[in-house]
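Trainee: Okay, so here is my_file-v8.tsv, and as you'll see once you scroll down, it has TSV, C-alpha atoms.
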chain	number	residue	atom	x	y	z
A	1	MET	CA	-41.10	-36.88	-9.64
A	2	PRO	CA	-40.72	-33.72	-7.53
A	3	ASP	CA	-39.24	-30.71	-9.30
A	4	SER	CA	-36.00	-29.99	-7.44
A	5	ASN	CA	-35.85	-26.54	-9.04
A	6	ARG	CA	-39.21	-25.47	-7.65
A	7	PRO	CA	-38.89	-23.56	-4.36
A	8	ALA	CA	-40.60	-25.01	-1.32
A	9	ASP	CA	-44.11	-23.74	-0.71
A	10	LEU	CA	-44.96	-22.72	2.84
A	11	PHE	CA	-48.59	-23.69	2.21
A	12	ASP	CA	-47.77	-27.18	0.97
A	13	LYS	CA	-48.83	-29.01	4.10
A	14	PRO	CA	-50.63	-32.19	3.04
A	15	LEU	CA	-52.87	-34.17	5.36
A	16	ASN	CA	-50.37	-36.99	5.44
A	17	SER	CA	-50.60	-38.34	8.98
A	18	PRO	CA	-52.31	-41.74	9.35
A	19	PHE	CA	-54.80	-40.26	11.81
A	20	LEU	CA	-55.85	-37.42	9.50
A	21	GLN	CA	-56.14	-39.84	6.61
A	22	ALA	CA	-58.42	-42.05	8.69
A	23	VAL	CA	-60.48	-39.03	9.73
A	24	HIS	CA	-60.98	-37.89	6.13
A	25	ALA	CA	-61.85	-41.42	5.00
A	26	THR	CA	-64.87	-41.73	7.28
A	27	PRO	CA	-68.29	-40.81	5.85
A	28	VAL	CA	-69.05	-38.53	8.79
A	29	ARG	CA	-65.99	-36.55	9.88
A	30	PRO	CA	-65.73	-36.27	13.65
A	31	TYR	CA	-64.23	-32.77	13.93
A	32	TYR	CA	-65.53	-29.23	13.59
A	33	ARG	CA	-69.12	-30.47	13.72
A	34	PRO	CA	-71.81	-27.96	14.68
A	35	LEU	CA	-73.38	-29.15	17.93
A	36	HIS	CA	-75.94	-27.80	20.36
A	37	ALA	CA	-75.40	-29.47	23.73
A	38	ARG	CA	-77.49	-29.18	26.88
A	39	ASP	CA	-78.06	-31.35	29.95
A	40	GLY	CA	-76.18	-34.39	28.74
A	41	GLU	CA	-77.61	-34.46	25.22
A	42	ALA	CA	-76.81	-32.75	21.94
A	43	VAL	CA	-78.38	-32.04	18.58
A	44	MET	CA	-76.14	-32.80	15.59
A	45	ASP	CA	-77.44	-32.63	12.02
A	46	GLY	CA	-80.97	-32.50	13.41
A	47	ARG	CA	-80.51	-35.70	15.41
A	48	GLN	CA	-80.68	-36.02	19.20
A	49	VAL	CA	-77.74	-37.94	20.68
A	50	VAL	CA	-76.26	-38.50	24.13
A	51	MET	CA	-73.41	-36.03	24.62
A	52	ALA	CA	-70.51	-38.03	26.03
A	53	GLY	CA	-67.79	-35.69	24.85
A	54	CYS	CA	-68.29	-32.39	26.69
A	55	ASN	CA	-65.99	-30.84	29.31
A	56	ASP	CA	-68.82	-29.04	31.14
A	57	TYR	CA	-68.29	-31.50	33.98
A	58	LEU	CA	-70.60	-29.88	36.53
A	59	GLY	CA	-73.29	-29.07	33.96
A	60	LEU	CA	-73.19	-25.34	34.67
A	61	ALA	CA	-72.73	-23.82	31.20
A	62	THR	CA	-76.50	-23.78	30.59
A	63	ASP	CA	-77.64	-23.41	34.21
A	64	PRO	CA	-80.27	-20.61	34.26
A	65	ARG	CA	-78.45	-18.82	37.10
A	66	VAL	CA	-75.22	-18.76	35.13
A	67	THR	CA	-76.81	-17.60	31.89
A	68	ALA	CA	-78.80	-14.95	33.78
A	69	ALA	CA	-75.58	-13.58	35.30
A	70	ALA	CA	-73.98	-13.48	31.86
A	71	GLY	CA	-77.00	-11.70	30.41
A	72	ALA	CA	-77.03	-9.08	33.17
A	73	ALA	CA	-73.33	-8.36	32.63
A	74	LEU	CA	-73.89	-8.10	28.89
A	75	ARG	CA	-76.61	-5.52	29.39
A	76	THR	CA	-74.58	-3.56	31.95
A	77	TYR	CA	-71.09	-3.62	30.46
A	78	GLY	CA	-71.54	-4.70	26.83
A	79	ALA	CA	-70.03	-7.61	24.93
A	80	SER	CA	-66.36	-6.67	25.30
A	81	CYS	CA	-63.93	-4.53	27.25
A	82	SER	CA	-62.16	-3.77	23.94
A	83	GLY	CA	-58.76	-3.52	25.56
A	84	ALA	CA	-56.06	-5.10	27.67
A	85	ARG	CA	-56.32	-5.25	31.45
A	86	THR	CA	-53.49	-2.78	32.00
A	87	LEU	CA	-55.24	0.05	30.17
A	88	ASN	CA	-58.99	0.17	29.55
A	89	GLY	CA	-59.87	-3.51	29.98
A	90	THR	CA	-60.44	-3.87	33.72
A	91	LEU	CA	-63.97	-3.96	35.13
A	92	PRO	CA	-65.15	-4.38	38.72
A	93	LEU	CA	-66.08	-7.93	37.65
A	94	HIS	CA	-62.41	-8.77	37.10
A	95	GLY	CA	-61.44	-7.89	40.65
A	96	GLU	CA	-64.49	-9.68	42.08
A	97	LEU	CA	-63.68	-12.89	40.20
A	98	GLU	CA	-59.99	-12.73	41.14
A	99	ALA	CA	-60.88	-12.34	44.80
A	100	ALA	CA	-63.32	-15.25	44.58
A	101	VAL	CA	-60.74	-17.53	42.94
A	102	ALA	CA	-58.05	-16.65	45.50
A	103	ASP	CA	-60.49	-17.21	48.36
A	104	PHE	CA	-61.62	-20.56	46.92
A	105	LEU	CA	-58.08	-21.84	46.40
A	106	GLY	CA	-56.70	-20.32	49.60
A	107	THR	CA	-54.00	-18.31	47.82
A	108	GLU	CA	-52.86	-14.75	48.44
A	109	ASP	CA	-53.94	-13.51	45.02
A	110	ALA	CA	-55.22	-14.54	41.61
A	111	ALA	CA	-55.23	-13.06	38.11
A	112	VAL	CA	-57.85	-13.85	35.49
A	113	VAL	CA	-56.92	-13.94	31.80
A	114	THR	CA	-58.81	-14.39	28.57
A	115	THR	CA	-58.31	-18.15	28.13
A	116	GLY	CA	-56.90	-21.08	30.04
A	117	PHE	CA	-54.30	-21.46	27.30
A	118	GLN	CA	-53.11	-17.92	27.96
A	119	ALA	CA	-52.83	-18.60	31.68
A	120	ASN	CA	-50.16	-21.17	30.89
A	121	LEU	CA	-48.49	-19.00	28.25
A	122	ALA	CA	-48.15	-16.34	30.97
A	123	LEU	CA	-45.83	-18.69	32.87
A	124	ALA	CA	-43.12	-17.93	30.29
A	125	ALA	CA	-42.37	-14.70	32.14
A	126	LEU	CA	-41.16	-16.75	35.13
A	127	PHE	CA	-38.75	-18.92	33.15
A	128	GLY	CA	-35.59	-16.88	32.63
A	129	THR	CA	-32.09	-17.51	31.36
A	130	GLY	CA	-30.22	-19.88	33.66
A	131	ASP	CA	-33.42	-21.32	35.14
A	132	LEU	CA	-34.51	-24.94	34.75
A	133	VAL	CA	-38.05	-26.20	34.07
A	134	LEU	CA	-38.91	-29.88	34.39
A	135	SER	CA	-42.11	-30.92	32.61
A	136	ASP	CA	-44.13	-34.13	32.45
A	137	THR	CA	-43.96	-35.58	28.93
A	138	ALA	CA	-47.78	-35.67	28.72
A	139	ASN	CA	-48.43	-32.09	29.84
A	140	HIS	CA	-51.06	-30.08	28.01
A	141	ALA	CA	-50.00	-28.23	24.86
A	142	SER	CA	-50.50	-24.87	26.58
A	143	LEU	CA	-48.01	-25.78	29.30
A	144	ILE	CA	-45.55	-27.00	26.69
A	145	ASP	CA	-45.87	-23.75	24.73
A	146	GLY	CA	-45.59	-21.61	27.86
A	147	ILE	CA	-42.35	-23.38	28.78
A	148	ARG	CA	-41.00	-23.06	25.23
A	149	LEU	CA	-41.69	-19.33	25.19
A	150	GLY	CA	-39.56	-18.85	28.28
A	151	ALA	CA	-35.77	-18.62	28.25
A	152	ALA	CA	-35.15	-21.40	30.78
A	153	HIS	CA	-33.46	-24.71	30.02
A	154	ARG	CA	-36.10	-27.41	29.60
A	155	LEU	CA	-36.07	-31.07	30.63
A	156	ARG	CA	-38.90	-33.58	30.38
A	157	TYR	CA	-39.43	-36.35	32.89
A	158	ARG	CA	-41.27	-39.55	32.04
A	159	HIS	CA	-45.04	-39.38	32.39
A	160	ARG	CA	-46.10	-39.62	36.04
A	161	ASP	CA	-42.64	-40.85	37.04
A	162	PRO	CA	-41.41	-39.05	40.18
A	163	ALA	CA	-38.29	-41.25	40.44
A	164	HIS	CA	-37.14	-40.01	37.04
A	165	LEU	CA	-37.92	-36.44	38.07
A	166	ASP	CA	-35.88	-36.88	41.24
A	167	ARG	CA	-32.86	-38.11	39.27
A	168	LEU	CA	-33.06	-35.16	36.88
A	169	LEU	CA	-33.27	-32.73	39.79
A	170	ALA	CA	-30.34	-34.40	41.55
A	171	ASP	CA	-28.18	-33.97	38.44
A	172	ALA	CA	-29.18	-30.32	37.91
A	173	ASP	CA	-27.14	-27.27	38.84
A	174	PRO	CA	-28.00	-26.74	42.52
A	175	ALA	CA	-27.70	-22.98	42.07
A	176	ALA	CA	-30.28	-22.79	39.26
A	177	ALA	CA	-33.83	-21.62	39.97
A	178	LYS	CA	-36.01	-24.64	39.23
A	179	ALA	CA	-39.69	-25.40	38.61
A	180	VAL	CA	-41.59	-28.67	38.28
A	181	VAL	CA	-44.60	-28.22	36.01
A	182	THR	CA	-47.44	-30.72	35.63
A	183	ASP	CA	-51.11	-31.14	34.93
A	184	GLY	CA	-53.08	-32.06	38.03
A	185	MET	CA	-55.40	-34.37	36.11
A	186	PHE	CA	-54.25	-35.25	32.61
A	187	SER	CA	-56.90	-34.26	30.12
A	188	MET	CA	-56.76	-37.24	27.78
A	189	ASP	CA	-57.18	-40.14	30.20
A	190	GLY	CA	-58.13	-38.58	33.55
A	191	ALA	CA	-55.04	-39.95	35.30
A	192	LEU	CA	-53.76	-37.92	38.24
A	193	ALA	CA	-50.22	-36.64	38.59
A	194	PRO	CA	-48.48	-38.29	41.59
A	195	LEU	CA	-48.37	-34.95	43.36
A	196	PRO	CA	-47.24	-36.19	46.80
A	197	ALA	CA	-44.07	-37.69	45.32
A	198	LEU	CA	-43.57	-34.84	42.81
A	199	THR	CA	-43.84	-32.10	45.43
A	200	ALA	CA	-41.56	-34.04	47.78
A	201	ALA	CA	-38.90	-34.30	45.07
A	202	ALA	CA	-39.30	-30.62	44.24
A	203	ARG	CA	-38.84	-29.58	47.86
A	204	ARG	CA	-35.81	-31.84	48.31
A	205	HIS	CA	-34.05	-30.03	45.49
A	206	GLY	CA	-35.29	-26.47	46.09
A	207	ALA	CA	-37.70	-26.38	43.15
A	208	ARG	CA	-41.09	-24.68	42.89
A	209	THR	CA	-44.15	-26.73	41.90
A	210	ILE	CA	-46.65	-25.37	39.36
A	211	VAL	CA	-49.86	-27.32	38.73
A	212	ASP	CA	-52.36	-26.79	35.93
A	213	GLY	CA	-55.73	-27.69	37.45
A	214	ALA	CA	-57.80	-27.16	34.31
A	215	HIS	CA	-59.56	-30.52	34.59
A	216	ASP	CA	-59.60	-31.01	38.36
A	217	ILE	CA	-60.09	-27.65	40.11
A	218	GLY	CA	-63.77	-27.43	40.99
A	219	LEU	CA	-64.11	-31.20	40.87
A	220	LEU	CA	-61.71	-33.14	43.11
A	221	GLY	CA	-60.88	-32.85	46.80
A	222	PRO	CA	-63.04	-32.43	49.92
A	223	SER	CA	-63.84	-28.81	49.00
A	224	GLY	CA	-63.34	-29.08	45.23
A	225	ARG	CA	-59.95	-27.38	45.13
A	226	GLY	CA	-58.56	-30.00	42.79
A	227	ALA	CA	-56.10	-32.86	42.52
A	228	ALA	CA	-53.63	-31.38	45.00
A	229	GLU	CA	-56.31	-31.21	47.69
A	230	HIS	CA	-57.59	-34.66	46.72
A	231	LEU	CA	-54.08	-36.06	47.24
A	232	GLY	CA	-53.43	-34.11	50.44
A	233	VAL	CA	-50.73	-31.73	49.16
A	234	HIS	CA	-52.62	-28.54	48.31
A	235	ASP	CA	-50.33	-26.49	50.55
A	236	ARG	CA	-47.21	-27.84	48.80
A	237	VAL	CA	-48.15	-26.39	45.39
A	238	ASP	CA	-46.59	-22.97	44.81
A	239	LEU	CA	-48.66	-21.77	41.86
A	240	PHE	CA	-51.90	-22.93	40.25
A	241	THR	CA	-53.19	-22.29	36.76
A	242	GLY	CA	-56.63	-23.21	35.52
A	243	THR	CA	-59.59	-22.48	33.30
A	244	PHE	CA	-63.24	-21.53	33.65
A	245	SER	CA	-64.18	-23.62	30.60
A	246	LYS	CA	-64.46	-26.98	32.37
A	247	CYS	CA	-66.08	-26.95	35.83
A	248	PHE	CA	-67.12	-23.31	35.78
A	249	GLY	CA	-69.40	-23.11	32.78
A	250	SER	CA	-67.68	-20.21	31.01
A	251	THR	CA	-64.42	-19.38	29.28
A	252	GLY	CA	-61.22	-17.73	30.49
A	253	GLY	CA	-58.31	-18.70	32.69
A	254	PHE	CA	-56.57	-17.86	35.92
A	255	LEU	CA	-53.29	-17.99	37.84
A	256	ALA	CA	-53.37	-18.21	41.63
A	257	GLY	CA	-50.51	-18.06	44.11
A	258	PRO	CA	-48.33	-15.66	46.12
A	259	ALA	CA	-49.28	-12.00	45.71
A	260	ARG	CA	-45.77	-10.96	44.63
A	261	VAL	CA	-45.78	-13.57	41.85
A	262	ILE	CA	-49.24	-12.65	40.59
A	263	THR	CA	-48.34	-8.96	40.60
A	264	TYR	CA	-45.17	-9.69	38.64
A	265	LEU	CA	-47.11	-11.70	36.04
A	266	ARG	CA	-49.68	-8.92	35.64
A	267	TYR	CA	-46.90	-6.62	34.48
A	268	ALA	CA	-44.41	-9.01	32.86
A	269	ALA	CA	-46.44	-11.74	31.14
A	270	ARG	CA	-46.99	-10.90	27.47
A	271	ALA	CA	-50.06	-13.18	27.33
A	272	VAL	CA	-51.65	-10.87	29.93
A	273	LEU	CA	-50.26	-7.51	28.80
A	274	PHE	CA	-51.03	-7.74	25.10
A	275	SER	CA	-54.39	-9.48	24.97
A	276	ALA	CA	-57.90	-8.09	25.23
A	277	SER	CA	-59.32	-8.93	28.63
A	278	MET	CA	-61.89	-11.54	29.56
A	279	PRO	CA	-65.30	-10.21	28.40
A	280	PRO	CA	-68.06	-9.20	30.82
A	281	PRO	CA	-70.53	-12.07	30.16
A	282	ALA	CA	-67.78	-14.67	30.63
A	283	LEU	CA	-66.63	-13.02	33.87
A	284	ALA	CA	-70.11	-12.99	35.33
A	285	ALA	CA	-70.84	-16.54	34.20
A	286	ALA	CA	-67.62	-17.83	35.76
A	287	GLY	CA	-68.29	-16.03	39.03
A	288	SER	CA	-71.81	-17.40	39.23
A	289	ALA	CA	-70.68	-20.94	38.38
A	290	LEU	CA	-67.94	-20.81	41.01
A	291	GLU	CA	-70.50	-19.82	43.66
A	292	ILE	CA	-72.86	-22.61	42.59
A	293	SER	CA	-70.09	-25.22	42.54
A	294	ILE	CA	-69.22	-24.37	46.15
A	295	ALA	CA	-72.84	-24.31	47.31
A	296	GLU	CA	-73.82	-27.51	45.46
A	297	PRO	CA	-71.13	-30.14	46.06
A	298	TRP	CA	-73.60	-32.81	44.90
A	299	ARG	CA	-72.63	-31.90	41.35
A	300	ARG	CA	-69.06	-33.14	41.68
A	301	HIS	CA	-70.13	-36.13	43.75
A	302	ARG	CA	-72.68	-37.02	41.07
A	303	VAL	CA	-70.35	-36.84	38.08
A	304	LEU	CA	-67.59	-38.77	39.84
A	305	ALA	CA	-70.04	-41.53	40.80
A	306	LEU	CA	-71.39	-41.75	37.25
A	307	ALA	CA	-67.87	-41.93	35.81
A	308	ALA	CA	-66.89	-44.71	38.22
A	309	ARG	CA	-69.98	-46.66	37.25
A	310	LEU	CA	-69.39	-46.27	33.52
A	311	ARG	CA	-65.68	-47.05	33.82
A	312	GLU	CA	-66.54	-50.31	35.60
A	313	ARG	CA	-69.14	-51.21	32.97
A	314	LEU	CA	-66.79	-50.56	30.05
A	315	ALA	CA	-64.09	-52.67	31.68
A	316	GLY	CA	-66.69	-55.41	32.07
A	317	LEU	CA	-67.36	-55.23	28.33
A	318	GLY	CA	-63.66	-55.82	27.70
A	319	TYR	CA	-62.58	-52.26	26.94
A	320	ASP	CA	-59.22	-51.00	28.21
A	321	THR	CA	-59.85	-47.82	30.22
A	322	GLY	CA	-56.71	-47.70	32.36
A	323	PRO	CA	-54.21	-44.82	32.47
A	324	ALA	CA	-51.70	-44.60	29.65
A	325	THR	CA	-48.77	-45.37	31.97
A	326	ALA	CA	-48.40	-46.34	35.61
A	327	THR	CA	-44.96	-46.61	37.12
A	328	GLN	CA	-44.28	-48.35	40.39
A	329	GLU	CA	-44.25	-44.97	42.12
A	330	SER	CA	-47.39	-43.78	40.30
A	331	THR	CA	-50.25	-46.25	40.20
A	332	ALA	CA	-53.26	-44.05	40.94
A	333	ASP	CA	-56.29	-44.92	38.83
A	334	PRO	CA	-58.19	-42.20	36.94
A	335	ALA	CA	-60.42	-40.40	39.42
A	336	GLY	CA	-62.38	-37.91	37.34
A	337	PRO	CA	-65.10	-37.77	34.68
A	338	VAL	CA	-62.71	-38.51	31.79
A	339	ILE	CA	-62.64	-42.10	30.53
A	340	ALA	CA	-60.10	-43.03	27.85
A	341	VAL	CA	-61.07	-46.10	25.84
A	342	ARG	CA	-57.97	-47.47	24.13
A	343	ALA	CA	-58.59	-47.84	20.40
A	344	GLY	CA	-55.10	-48.42	18.99
A	345	GLU	CA	-54.56	-47.48	15.37
A	346	PRO	CA	-56.31	-44.54	13.67
A	347	ALA	CA	-58.68	-46.53	11.48
A	348	ALA	CA	-59.88	-48.59	14.46
A	349	CYS	CA	-60.41	-45.45	16.53
A	350	VAL	CA	-62.41	-43.61	13.88
A	351	GLY	CA	-64.39	-46.77	13.15
A	352	LEU	CA	-65.35	-47.16	16.81
A	353	TRP	CA	-66.35	-43.50	16.98
A	354	GLN	CA	-68.60	-43.97	13.95
A	355	ARG	CA	-70.30	-47.05	15.41
A	356	LEU	CA	-70.95	-45.23	18.68
A	357	LEU	CA	-72.45	-42.28	16.83
A	358	ASP	CA	-74.62	-44.62	14.80
A	359	ALA	CA	-75.85	-45.98	18.15
A	360	GLY	CA	-76.76	-42.46	19.31
A	361	VAL	CA	-73.74	-41.51	21.44
A	362	TYR	CA	-71.35	-38.67	20.62
A	363	THR	CA	-67.76	-39.15	21.87
A	364	ASN	CA	-64.35	-37.67	21.06
A	365	PRO	CA	-61.87	-39.62	18.89
A	366	VAL	CA	-58.34	-38.52	19.80
A	367	GLY	CA	-55.15	-39.15	17.87
A	368	PRO	CA	-51.68	-37.64	17.53
A	369	PRO	CA	-50.38	-35.18	18.62
A	370	ALA	CA	-52.70	-35.31	21.65
A	371	VAL	CA	-51.70	-38.97	22.22
A	372	PRO	CA	-48.69	-40.95	20.97
A	373	GLU	CA	-48.70	-42.67	17.58
A	374	GLY	CA	-50.59	-45.95	17.67
A	375	CYS	CA	-52.32	-45.03	20.95
A	376	CYS	CA	-55.54	-43.44	19.71
A	377	ILE	CA	-58.41	-43.26	22.18
A	378	ILE	CA	-62.12	-42.63	22.37
A	379	ARG	CA	-62.37	-39.95	25.05
A	380	VAL	CA	-65.62	-40.18	27.00
A	381	THR	CA	-66.62	-37.47	29.46
A	382	LEU	CA	-69.57	-37.36	31.82
A	383	GLN	CA	-71.47	-34.46	33.36
A	384	ALA	CA	-73.41	-33.93	36.56
A	385	THR	CA	-76.51	-33.40	34.42
A	386	HIS	CA	-76.31	-36.88	32.90
A	387	THR	CA	-79.07	-39.20	34.09
A	388	ASP	CA	-78.80	-42.88	34.92
A	389	ALA	CA	-80.60	-43.51	31.62
A	390	HIS	CA	-77.84	-41.62	29.77
A	391	VAL	CA	-75.21	-43.88	31.31
A	392	ASP	CA	-77.26	-46.92	30.30
A	393	ARG	CA	-77.43	-45.66	26.70
A	394	ILE	CA	-73.67	-45.05	26.60
A	395	THR	CA	-73.08	-48.56	27.94
A	396	ASP	CA	-75.46	-50.07	25.39
A	397	ALA	CA	-73.75	-48.19	22.56
A	398	PHE	CA	-70.33	-49.52	23.55
A	399	ALA	CA	-71.75	-53.03	23.88
A	400	ALA	CA	-73.28	-52.80	20.39
A	401	ALA	CA	-70.07	-51.35	18.94
A	402	ARG	CA	-68.09	-54.26	20.35
A	403	ARG	CA	-70.38	-56.81	18.69
A	404	LEU	CA	-70.00	-55.26	15.22
Translate the structure of the given file into structure tokens.
Mentor:
Amino acid sequence: MPDSNRPADLFDKPLNSPFLQAVHATPVRPYYRPLHARDGEAVMDGRQVVMAGCNDYLGLATDPRVTAAAGAALRTYGASCSGARTLNGTLPLHGELEAAVADFLGTEDAAVVTTGFQANLALAALFGTGDLVLSDTANHASLIDGIRLGAAHRLRYRHRDPAHLDRLLADADPAAAKAVVTDGMFSMDGALAPLPALTAAARRHGARTIVDGAHDIGLLGPSGRGAAEHLGVHDRVDLFTGTFSKCFGSTGGFLAGPARVITYLRYAARAVLFSASMPPPALAAAGSALEISIAEPWRRHRVLALAARLRERLAGLGYDTGPATATQESTADPAGPVIAVRAGEPAACVGLWQRLLDAGVYTNPVGPPAVPEGCCIIRVTLQATHTDAHVDRITDAFAAARRL
């Protein structure tokens, strides 16, 4: 029986969620595993497996041109800037990458920051007292935290439900400054935000639209600008955030939009002001990867084709790979390299992950808080460097796992 006289202990945080219990019950725990991944494969515990759980969608993180650029920057500038951008942490590489991002996205300006997470935390500086921010319920944790850090009133609209958003905007104070914030492509299942309807609702009610393109910029659209371009509304988005850790083979983040907004964030966003700047090797790697992604569109065409093929095969095996929700106004199928295989309860999810690993395929088991309770998934991701044989092996592994 608990001792009611004993004070609460801040460190008394047991692993009491069903998902964590399932994770710790499996013989081979799926998290924090040392991996060495390259060209669609990985070495784990000395064993070669197909890597079907990496976000290096275009396969650029180990491209010799990217690593050579990182090495040259390391030799020229060292491993770190050892300071924030405002003081001693700005290199010529920062300005070059910012100009390249702004040119690629067709915005007036861009700012690069140390991580994609920090790019979304920087948004807090825009959300002041009396403002209103409306956020998709399935937005990435970094967007959620950036909104929470701001002083604005917060409302959540149902996942990919523009009709609900429209009703919330209609009921809001018409004099309040408003922003609609959403992922472009949702990271867990690859579903796209219904950006045409969302931006239309935002414009009807005088709201700005902010889109996090972490998983779609560099991948979707005729020129690779992301989900907004893919859906024909790139010019209706007021501010983009994103990361270099997915399509651009590096690490770091960016914000891109009107020059006056970017300038304001450079001086007002605490996530920018009080953090050491993006290091030289990462800057050079990102710049090189961005150039390659523009020059070699076959990479995004390749990964999207492979994902479509695998998604069709998994559906044929009886797996549920559809988006988590699809309202009448939002029925777009997943369009990117992320495939979410519905696994249900935690024990079933971890068990499926283990069977796939036993068959030589590494995937990502995902449970709460990244997905709702009882909605665990196996998250499969493909890369441009995967071969047809890799896709066959992934298919065979899922077929074998289903028979067991």
Trainee: Which of these, A:Gly322, A:Gly287, A:Pro64, A:Pro27, has the shortest distance to A:Ala99 once you count only C-alpha atoms?
Mentor: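 Looking only at the distances to A:Ala99, the closest residue turns out to be A:Gly287.
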Trainee: What does the structure give for the distance between atom CA of A:Leu60 and atom CA of A:Ala289, in Å to one decimal?
Mentor: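 These atoms are spaced 6.3 Å apart.
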Trainee: For A:Val50, which residue among A:Phe398, A:Phe248, A:Tyr362, A:Trp353 is the nearest when counting all atoms listed in the file?
Mentor: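 With all atoms listed in the file as the atom set, the closest residue is A:Tyr362.
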Trainee: Could you pull the residues within 8 Å of stretch 76-86 of chain A, counting only C-alpha atoms, minus those fewer than 4 positions along the same chain, as a ChimeraX atom specification?
Mentor: /A:72,90-91,272-281
Trainee: Excluding same-chain residues fewer than 2 positions from stretch 364-379 of chain A, what lies within 9 Å of it counting only C-alpha atoms, as a ChimeraX atom specification?
Mentor: /A:17,19-20,30-31,52-54,138,140-141,188-189,324,338-346,348-350,352-353,362,381
Trainee: From the options A:Ala269, A:Ala193, A:Val237, A:Ala22, which residue's atoms come nearest to A:Leu149, counting all atoms listed in the file?
Mentor: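 Of the candidates, the smallest distance to A:Leu149 is held by A:Ala269.
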Trainee: Between A:Ala110, A:Ile147, A:Leu239, A:Val23, which is the closest to A:Gly213 once you count all atoms listed in the file?
Mentor: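 Looking at the shortest contact to A:Gly213, the residue is A:Leu239.
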